[in-house]
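Asks: This is entry-v4.cif (mmCIF, C-alpha atoms).
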```cif
data_start
loop_
_atom_site.label_atom_id
_atom_site.label_comp_id
_atom_site.auth_asym_id
_atom_site.auth_seq_id
_atom_site.Cartn_x
_atom_site.Cartn_y
_atom_site.Cartn_z
CA GLU A 1492 127.64 189.60 169.14
CA ALA A 1493 125.99 192.21 166.91
CA GLN A 1494 122.32 192.41 167.79
CA VAL A 1495 119.16 194.42 168.15
CA THR A 1496 117.30 193.69 171.38
CA GLN A 1497 113.60 194.36 171.81
CA ASN A 1498 111.61 194.02 174.99
CA PRO A 1499 109.17 192.67 175.81
CA ARG A 1500 108.67 189.81 173.34
CA TYR A 1501 105.00 189.45 174.24
CA LEU A 1502 102.65 191.94 175.85
CA ILE A 1503 98.95 191.94 176.56
CA THR A 1504 97.57 195.24 177.80
CA VAL A 1505 94.31 197.13 178.16
CA THR A 1506 93.05 200.05 176.13
CA GLY A 1507 94.45 203.36 177.30
CA LYS A 1508 97.28 202.08 179.48
CA LYS A 1509 100.51 203.71 178.38
CA LEU A 1510 103.28 201.33 177.38
CA THR A 1511 106.83 201.43 176.05
CA VAL A 1512 108.58 198.87 173.90
CA THR A 1513 112.34 199.19 174.18
CA CYS A 1514 114.86 198.71 171.40
CA SER A 1515 118.61 198.72 171.81
CA GLN A 1516 121.45 198.05 169.35
CA ASN A 1517 125.16 197.47 170.02
CA MET A 1518 126.55 198.25 166.55
CA ASN A 1519 126.77 202.05 166.74
CA HIS A 1520 124.25 202.30 163.90
CA GLU A 1521 122.98 205.72 162.91
CA TYR A 1522 119.64 204.56 161.49
CA MET A 1523 116.95 202.96 163.63
CA SER A 1524 113.31 202.35 162.83
CA TRP A 1525 110.09 200.75 163.99
CA TYR A 1526 107.72 198.64 161.88
CA ARG A 1527 104.47 196.90 162.45
CA GLN A 1528 103.42 193.75 160.64
CA ASP A 1529 99.79 192.85 160.11
CA PRO A 1530 98.22 189.97 158.13
CA GLY A 1531 97.46 191.03 154.59
CA LEU A 1532 99.22 194.39 155.02
CA GLY A 1533 102.82 193.27 155.42
CA LEU A 1534 105.44 195.40 157.12
CA ARG A 1535 104.83 199.12 157.47
CA GLN A 1536 107.17 201.73 158.85
CA ILE A 1537 106.00 203.65 161.92
CA TYR A 1538 108.90 206.00 162.71
CA TYR A 1539 112.56 206.19 161.90
CA SER A 1540 115.61 208.04 163.20
CA MET A 1541 118.65 209.06 161.19
CA ASN A 1542 120.69 209.83 164.32
CA VAL A 1543 120.46 211.11 167.90
CA GLU A 1544 117.64 213.64 168.32
CA VAL A 1545 116.59 213.20 164.66
CA THR A 1546 113.30 211.36 164.14
CA ASP A 1547 110.72 211.34 161.37
CA LYS A 1548 107.37 209.79 160.60
CA GLY A 1549 106.97 206.69 158.50
CA ASP A 1550 103.76 205.57 156.86
CA VAL A 1551 101.69 204.79 159.97
CA PRO A 1552 102.82 207.09 162.83
CA GLU A 1553 99.39 207.83 164.35
CA GLY A 1554 99.13 206.75 167.97
CA TYR A 1555 102.87 206.27 168.43
CA LYS A 1556 105.76 208.33 169.76
CA VAL A 1557 109.50 207.73 169.66
CA SER A 1558 112.61 209.32 171.07
CA ARG A 1559 116.32 209.03 170.28
CA LYS A 1560 118.22 210.51 173.22
CA GLU A 1561 121.09 208.04 172.87
CA LYS A 1562 122.45 206.42 169.74
CA ARG A 1563 121.87 202.87 170.95
CA ASN A 1564 118.25 203.20 172.13
CA PHE A 1565 115.05 203.90 170.23
CA PRO A 1566 111.96 203.24 172.37
CA LEU A 1567 108.45 203.06 170.92
CA ILE A 1568 105.79 204.66 173.10
CA LEU A 1569 102.06 204.07 172.91
CA GLU A 1570 100.53 206.82 175.06
CA SER A 1571 96.98 205.45 174.88
CA PRO A 1572 96.94 202.06 173.15
CA SER A 1573 93.86 200.99 171.24
CA PRO A 1574 92.84 197.55 169.90
CA ASN A 1575 93.82 198.55 166.34
CA GLN A 1576 97.42 198.71 167.55
CA THR A 1577 97.39 194.98 168.19
CA SER A 1578 100.19 193.83 165.94
CA LEU A 1579 103.67 192.35 165.64
CA TYR A 1580 106.31 195.06 166.03
CA PHE A 1581 109.90 195.05 164.84
CA CYS A 1582 112.76 197.38 165.55
CA ALA A 1583 115.69 197.52 163.12
CA SER A 1584 118.99 199.34 162.76
CA SER A 1585 121.63 199.89 160.09
CA HIS A 1586 124.55 202.10 159.17
CA HIS A 1587 123.28 204.97 157.08
CA LEU A 1588 125.75 207.81 156.78
CA ARG A 1589 126.53 210.20 153.93
CA GLY A 1590 124.63 208.08 151.42
CA VAL A 1591 126.27 204.81 152.46
CA GLU A 1592 123.84 202.19 153.71
CA THR A 1593 124.42 198.68 155.04
CA GLU A 1594 122.23 195.68 155.71
CA ALA A 1595 119.58 196.01 158.37
CA PHE A 1596 119.54 194.09 161.65
CA PHE A 1597 116.13 193.32 163.11
CA GLY A 1598 115.05 192.71 166.66
CA GLN A 1599 113.20 189.52 167.62
CA GLY A 1600 109.80 191.18 167.43
CA THR A 1601 107.20 192.17 170.04
CA ARG A 1602 103.74 190.70 169.79
CA LEU A 1603 101.36 193.24 171.29
CA THR A 1604 97.72 192.59 172.08
CA VAL A 1605 95.50 195.47 173.21
CA VAL A 1606 92.16 194.40 174.69
CA LYS B 191 99.08 199.99 142.94
CA ASN B 192 101.68 199.20 145.58
CA GLU B 193 105.05 200.88 145.28
CA VAL B 194 106.72 197.47 145.65
CA GLU B 195 105.27 194.38 143.98
CA GLN B 196 106.54 190.87 144.51
CA SER B 197 105.80 187.77 142.50
CA PRO B 198 104.80 185.12 143.00
CA GLN B 199 102.91 185.56 146.27
CA ASN B 200 103.17 181.84 147.01
CA LEU B 201 105.60 179.29 145.63
CA THR B 202 105.84 175.58 146.31
CA ALA B 203 108.71 173.56 144.90
CA GLN B 204 110.57 170.31 145.35
CA GLU B 205 113.91 170.06 147.09
CA GLY B 206 116.74 170.79 144.68
CA GLU B 207 114.80 173.08 142.36
CA PHE B 208 116.08 176.49 141.27
CA ILE B 209 113.91 179.24 142.77
CA THR B 210 113.35 182.77 141.51
CA ILE B 211 111.41 185.47 143.35
CA ASN B 212 110.84 188.80 141.65
CA CYS B 213 110.47 192.34 142.96
CA SER B 214 109.38 195.37 140.94
CA TYR B 215 109.20 198.90 142.31
CA SER B 216 107.89 202.20 141.02
CA VAL B 217 109.77 204.79 143.12
CA GLY B 218 113.28 206.23 143.09
CA ILE B 219 115.44 204.24 145.43
CA SER B 220 118.88 204.35 146.97
CA ALA B 221 118.94 200.69 148.00
CA LEU B 222 116.96 197.47 147.89
CA HIS B 223 116.86 194.87 150.66
CA TRP B 224 115.95 191.20 150.55
CA LEU B 225 114.75 189.84 153.89
CA GLN B 226 113.85 186.37 155.12
CA GLN B 227 111.18 185.70 157.73
CA HIS B 228 110.90 182.21 159.15
CA PRO B 229 107.70 180.78 160.64
CA GLY B 230 108.91 181.75 164.12
CA GLY B 231 108.61 185.38 163.03
CA GLY B 232 112.19 186.62 163.18
CA ILE B 233 113.49 188.68 160.25
CA VAL B 234 116.98 188.31 158.83
CA SER B 235 118.58 190.50 156.21
CA LEU B 236 119.86 188.49 153.23
CA PHE B 237 121.13 191.22 150.92
CA MET B 238 121.32 194.96 150.51
CA LEU B 239 121.82 196.05 146.88
CA SER B 240 122.23 199.34 145.13
CA SER B 241 123.48 197.91 141.82
CA GLY B 242 124.58 194.72 140.11
CA LYS B 243 124.62 191.35 141.77
CA LYS B 244 125.50 189.76 145.10
CA LYS B 245 126.00 186.11 146.04
CA HIS B 246 126.00 184.43 149.42
CA GLY B 247 126.16 180.66 149.46
CA ARG B 248 123.20 179.34 147.47
CA LEU B 249 121.52 182.73 147.33
CA ILE B 250 121.97 185.26 144.53
CA ALA B 251 120.39 188.68 144.30
CA THR B 252 120.38 190.93 141.25
CA ILE B 253 119.06 194.40 140.59
CA ASN B 254 118.40 196.33 137.38
CA ILE B 255 118.06 199.98 138.30
CA GLN B 256 116.88 201.07 134.83
CA GLU B 257 114.10 198.48 134.78
CA LYS B 258 113.32 198.95 138.50
CA HIS B 259 113.45 195.22 139.07
CA SER B 260 115.27 192.82 141.36
CA SER B 261 115.38 189.04 141.59
CA LEU B 262 116.31 186.66 144.37
CA HIS B 263 117.50 183.23 143.28
CA ILE B 264 117.99 180.13 145.39
CA THR B 265 120.01 177.31 143.89
CA ALA B 266 119.66 173.69 145.06
CA SER B 267 116.70 174.60 147.27
CA HIS B 268 116.26 172.82 150.60
CA PRO B 269 113.30 172.49 153.00
CA ARG B 270 115.09 174.83 155.43
CA ASP B 271 114.73 177.57 152.79
CA SER B 272 110.98 177.53 153.46
CA ALA B 273 110.16 181.02 154.67
CA VAL B 274 108.61 184.30 153.61
CA TYR B 275 110.94 186.40 151.48
CA ILE B 276 110.38 190.15 151.57
CA CYS B 277 111.68 192.82 149.23
CA ALA B 278 112.07 196.35 150.61
CA VAL B 279 113.25 199.55 148.93
CA ARG B 280 114.72 202.70 150.39
CA ASP B 281 112.45 205.43 149.04
CA ILE B 282 114.35 208.69 148.55
CA ILE B 283 111.49 210.82 147.26
CA GLN B 284 111.55 214.30 148.74
CA GLY B 285 114.57 213.50 150.83
CA ALA B 286 112.70 210.98 152.93
CA GLN B 287 114.47 207.86 154.07
CA LYS B 288 111.55 205.50 154.32
CA LEU B 289 111.71 201.77 153.79
CA VAL B 290 108.80 200.45 151.73
CA PHE B 291 108.03 196.73 151.75
CA GLY B 292 106.57 194.27 149.31
CA GLN B 293 103.87 191.90 150.48
CA GLY B 294 106.27 188.99 150.67
CA THR B 295 106.59 185.66 148.87
CA ARG B 296 105.80 182.54 150.86
CA LEU B 297 108.16 179.78 149.75
CA THR B 298 107.61 176.14 150.64
CA ILE B 299 110.22 173.55 149.68
CA ASN B 300 109.03 169.97 149.95
CA PRO B 301 111.50 167.14 150.57
#
```
When written as structure tokens, how does the structure in this file appear?
Replies:
Amino acid sequence: EAQVTQNPRYLITVTGKKLTVTCSQNMNHEYMSWYRQDPGLGLRQIYYSMNVEVTDKGDVPEGYKVSRKEKRNFPLILESPSPNQTSLYFCASSHHLRGVETEAFFGQGTRLTVV
Amino acid sequence: KNEVEQSPQNLTAQEGEFITINCSYSVGISALHWLQQHPGGGIVSLFMLSSGKKKHGRLIATINIQEKHSSLHITASHPRDSAVYICAVRDIIQGAQKLVFGQGTRLTINP
């Protein structure tokens, strides 16, 4: 089954404690991205990756890191989480090659609370 | 002004009604996505459009590139269509490949 898998689904952590949210897709998609969703602000893009070892900032990259060492995985790293990073996070992937783009597949979401 | 504007923000209708949700954008795009988010939070892609019209079951999506406008239509609406519908555009300004989202339209279909 084609899917994007995020883990964990729920996480409560303390300010400053490094954490990683994993994202994995089984569709051989080139394009992967991370979004956060906040009430009144909607979905905003954090980082995206066009392919292995190619990443770029979205609209709200501050406080986040990503890596794309393998095509299937795109982890989101919070080196020193702060309360303003409390949010609902989504990972997504799609084919995006030589100007051809397909529908996006989203992970189930990770609800992060930083206290 | 947001790059992507949806209207209406909220819509309540009776089962069976024809529903239209609109999306206008101000940037150059390579594609437009319509997404559905149910109360549980999960997001599902409904359509990806770069031109013309697409149909899937009771859902129809159209895009007018010249007018920078897209519509999502639901025929014979049903309470299970109640969800937030989100328009997103692939912004190609300066070679970037960002996805920019509208604020969403909350649709409620009453039986």
Asks: Residues picked by the PyMOL selection byres ((chain A and resi 1594) around 9) here, as a PyMOL selection string?
Replies: (chain A and resi 1584-1586+1592-1593+1595-1596) or (chain B and resi 223+235-239)
Asks: Give me, as a VMD selection string, all polymer residues having an atom no more than 10 Å from region 241-246 of chain B, counting all atoms listed in the file and skipping those fewer than 2 positions away in the same chain.
Replies: chain B and resid 220 to 222 236 to 239 248 to 255 260 to 264
Asks: Closest to chain B among A:Phe1565, A:Val1551, A:Thr1577, A:Ser1571, using all atoms listed in the file?
Replies: A:Val1551
Asks: What residues come out when you apply the PyMOL selection byres ((chain B) within 12 of (chain A)) to this file, written as a ChimeraX atom specification?
Replies: /B:192,194-196,199,219-228,230-240,274-282,285-295
Asks: In Å, with one decimal, what is the gap from CA of Pro1499 (chain A) to CA of Asp271 (chain B)?
Replies: 28.1 Å
Asks: At what distance in Å, to one decimal, does CA of Glu1553 (chain A) lie from CA of Arg1527 (chain A)?
Replies: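 These two atoms are separated by 12.2 Å.
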Asks: Neighbouring residues of Glu1544 (chain A) were defined as those with any atom within 9 Å, considering all atoms listed in the file; residues of the same chain fewer than 2 positions away were excluded. Please report them as a list of chain:residue names.
Replies: A:Ser1540, A:Met1541, A:Asn1542, A:Thr1546, A:Ser1558, A:Arg1559, A:Lys1560, A:Glu1561, A:Lys1562
Asks: At what distance in Å, to one decimal, does CA of Asn212 (chain B) lie from CA of Tyr1580 (chain A)?
Replies: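 Between CA of Tyr1580 (chain A) and CA of Asn212 (chain B) the gap works out to 25.6 Å.
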Asks: Residues within 12 Å of (115.9, 171.5, 142.4), file coordinates, counting all atoms listed in the file: what are they? Give the list as a PyMOL selection string.
Replies: chain B and resi 202-210+248+263-269+299-301
Asks: Restrict the selected residues to C-alpha atoms and save them as a compact mmCIF listing (two decimals), in the frame of the given file.
Replies:
```
# COMPACT_ATOMS: atom_id res chain seq x y z
CA THR B 202 105.84 175.58 146.31
CA ALA B 203 108.71 173.56 144.90
CA GLN B 204 110.57 170.31 145.35
CA GLU B 205 113.91 170.06 147.09
CA GLY B 206 116.74 170.79 144.68
CA GLU B 207 114.80 173.08 142.36
CA PHE B 208 116.08 176.49 141.27
CA ILE B 209 113.91 179.24 142.77
CA THR B 210 113.35 182.77 141.51
CA ARG B 248 123.20 179.34 147.47
CA HIS B 263 117.50 183.23 143.28
CA ILE B 264 117.99 180.13 145.39
CA THR B 265 120.01 177.31 143.89
CA ALA B 266 119.66 173.69 145.06
CA SER B 267 116.70 174.60 147.27
CA HIS B 268 116.26 172.82 150.60
CA PRO B 269 113.30 172.49 153.00
CA ILE B 299 110.22 173.55 149.68
CA ASN B 300 109.03 169.97 149.95
CA PRO B 301 111.50 167.14 150.57
```
Asks: Out of A:Ser1578, A:Val1606, A:Ser1515, A:Leu1567, which residue has the shortest atom-to-atom distance to Tyr1501 (chain A) when counting only C-alpha atoms?
Replies: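 Between A:Ser1578, A:Val1606, A:Ser1515, A:Leu1567, the residue approaching Tyr1501 (chain A) most closely is A:Ser1578.
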Asks: Please list as JSON, numbers by chain every residue within 8 Å of Thr1504 (chain A), counting only C-alpha atoms and excluding residues in the same chain fewer than 5 positions away.
Replies: {"A": [1603, 1604, 1605, 1606]}
Asks: Could you tell me which residues the PyMOL selection byres ((chain A and resi 1508) around 10) grabs in this file, written as a PyMOL selection string?
Replies: chain A and resi 1504-1507+1509-1510+1569-1573+1605
Asks: Have a look at A:Arg1589, A:His1520, A:Arg1563, A:Lys1556 and name the one nearest to Thr1496 (chain A); count all atoms listed in the file.
Replies: A:Arg1563
Asks: Given 6 Å of margin on each side, can you work out the centre and size in Å (one decimal) of an axis-aligned box holding every listed atom of region 1553-1567 of chain A, as lines of an AutoDock Vina configuration file?
Replies:
```
center_x = 110.8
center_y = 206.7
center_z = 168.8
size_x = 35.3
size_y = 19.6
size_z = 20.9
```
